[in-house]
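Step one of this worksheet: look at the structure below.
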Amino acid sequence: MTDTESLRAQAWKCHEQGKLSTAEGIYRKLLKEEGAAADALNLGALLRSLGRFSEATAHYQTWIKAHPKELTLRLNAVNCLLEAGNTELANTWIQEGLRLDPEQTDLLQCLARYLMGS
């Protein structure tokens with residue numbers, strides 16, 4: 001196991017155990033070093049779970065630009081925005097994703113959720 005893989009496993013373990021501050025620090029370190037979509041996804045989920053929606057939104061804005069085709073990252077970002085009531089940006093990110101893959105079922109479901117809430 002590489003140092004990065006070990007660090008990622010440690011972050012996930014801390015995340016699962018509720019040591020969120022430690023997990024957050026490790027995810028941020030990993031993102032600075034590698035910028036992997038999986039780490040962006042996990043940090044975004046952590047921020048969202050803590051109700052830090054504006055910070056999560058800024059985080060997702062950075063990492064969706066870096067990984068526009070990462071579906072799970074985009075879905076988490078859209079769900080975070082919908083939960084936070086930021087429907088305009090959620091719709092923008094849904095539409096961007098659908099331009100990349102017009103028949104993506106999960107994004108179409110997000111679009112339906114958005115339209116039902118509008």
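Note on naming: chains are A, B, ... as they come in the structure tokens, residues start from 1 per chain, ligands start from 1 in the order shown.
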Residues within 8 Å of region 101-113 of chain A, only C-alpha atoms, excluding chain neighbours under 4 positions, as an NGL selection string: :A and (75 or 78-79 or 91 or 94 or 97 or 117)
Sel. of alpha helix (DSSP H) residues, region 44-77 of chain A, as a compact mmCIF listing (two decimals) with N, CA and C atoms, in the first residue's frame:
# COMPACT_ATOMS: atom_id res chain seq x y z
N GLY A 44 -16.46 16.63 0.53
CA GLY A 44 -17.76 17.28 0.30
C GLY A 44 -18.86 16.65 1.13
N ALA A 45 -18.87 15.33 1.17
CA ALA A 45 -19.88 14.62 1.97
C ALA A 45 -19.73 14.93 3.45
N LEU A 46 -18.49 15.03 3.91
CA LEU A 46 -18.24 15.35 5.32
C LEU A 46 -18.76 16.75 5.63
N LEU A 47 -18.43 17.72 4.79
CA LEU A 47 -18.88 19.10 5.02
C LEU A 47 -20.41 19.17 5.02
N ARG A 48 -21.01 18.48 4.08
CA ARG A 48 -22.48 18.45 3.99
C ARG A 48 -23.08 17.85 5.26
N SER A 49 -22.50 16.75 5.75
CA SER A 49 -23.04 16.09 6.94
C SER A 49 -22.95 16.99 8.16
N PHE A 53 -22.91 24.07 4.49
CA PHE A 53 -23.34 24.08 3.10
C PHE A 53 -22.60 25.10 2.24
N SER A 54 -22.34 26.29 2.76
CA SER A 54 -21.65 27.28 1.93
C SER A 54 -20.22 26.83 1.66
N GLU A 55 -19.57 26.24 2.65
CA GLU A 55 -18.23 25.71 2.46
C GLU A 55 -18.25 24.51 1.51
N ALA A 56 -19.24 23.66 1.65
CA ALA A 56 -19.37 22.51 0.76
C ALA A 56 -19.60 22.98 -0.67
N THR A 57 -20.42 24.01 -0.85
CA THR A 57 -20.70 24.53 -2.19
C THR A 57 -19.42 25.04 -2.84
N ALA A 58 -18.65 25.83 -2.11
CA ALA A 58 -17.39 26.35 -2.65
C ALA A 58 -16.44 25.20 -2.99
N HIS A 59 -16.41 24.21 -2.12
CA HIS A 59 -15.58 23.02 -2.35
C HIS A 59 -16.00 22.33 -3.64
N TYR A 60 -17.30 22.07 -3.78
CA TYR A 60 -17.79 21.38 -4.97
C TYR A 60 -17.54 22.20 -6.23
N GLN A 61 -17.65 23.52 -6.15
CA GLN A 61 -17.40 24.34 -7.33
C GLN A 61 -15.99 24.13 -7.85
N THR A 62 -15.04 24.05 -6.94
CA THR A 62 -13.65 23.83 -7.33
C THR A 62 -13.47 22.45 -7.96
N TRP A 63 -14.02 21.43 -7.30
CA TRP A 63 -13.71 20.07 -7.71
C TRP A 63 -14.56 19.56 -8.86
N ILE A 64 -15.74 20.12 -9.08
CA ILE A 64 -16.51 19.75 -10.28
C ILE A 64 -15.80 20.29 -11.52
N LYS A 65 -15.19 21.46 -11.40
CA LYS A 65 -14.41 21.99 -12.53
C LYS A 65 -13.22 21.08 -12.83
N ALA A 66 -12.59 20.57 -11.78
CA ALA A 66 -11.43 19.70 -11.97
C ALA A 66 -11.81 18.32 -12.48
N LEU A 71 -19.37 11.43 -12.06
CA LEU A 71 -20.81 11.46 -11.80
C LEU A 71 -21.14 11.50 -10.30
N THR A 72 -20.50 10.67 -9.51
CA THR A 72 -20.84 10.62 -8.08
C THR A 72 -20.52 11.95 -7.40
N LEU A 73 -19.43 12.57 -7.78
CA LEU A 73 -19.09 13.89 -7.25
C LEU A 73 -20.17 14.90 -7.61
N ARG A 74 -20.60 14.89 -8.87
CA ARG A 74 -21.64 15.82 -9.32
C ARG A 74 -22.97 15.55 -8.61
N LEU A 75 -23.32 14.29 -8.48
CA LEU A 75 -24.58 13.96 -7.80
C LEU A 75 -24.57 14.42 -6.34
N ASN A 76 -23.47 14.17 -5.65
CA ASN A 76 -23.37 14.63 -4.26
C ASN A 76 -23.47 16.14 -4.18
N ALA A 77 -22.81 16.82 -5.11
CA ALA A 77 -22.85 18.28 -5.13
C ALA A 77 -24.27 18.78 -5.35
From the list A:Ile26, A:Gln95, A:Thr87, A:His67, the nearest residue to Ser6 (chain A) using only C-alpha atoms is A:Ile26
As an MDAnalysis selection string, please: the residues near Leu31 (chain A) (cut-off 12 Å, only C-alpha atoms, same-chain neighbours under 4 positions excluded). chainID A and resid 4 7:8 11 24:27 35:44 59 62:63 66
Long-range neighbours of Gly51 (chain A) as a count of residues only, 10 Å cut-off, only C-alpha atoms, 6 positions minimum in chain: 4
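For the atom pair formed by CA of Glu96 (chain A) and CA of Pro68 (chain A), the distance is 8.5 Å, given to one decimal.
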Identify which of the residues A:Lys69, A:Tyr114, A:Gly18, A:Leu100 lies closest to Glu88 (chain A), counting only C-alpha atoms when measuring atom-to-atom distances.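 With only C-alpha atoms as the atom set, the closest residue is A:Tyr114.
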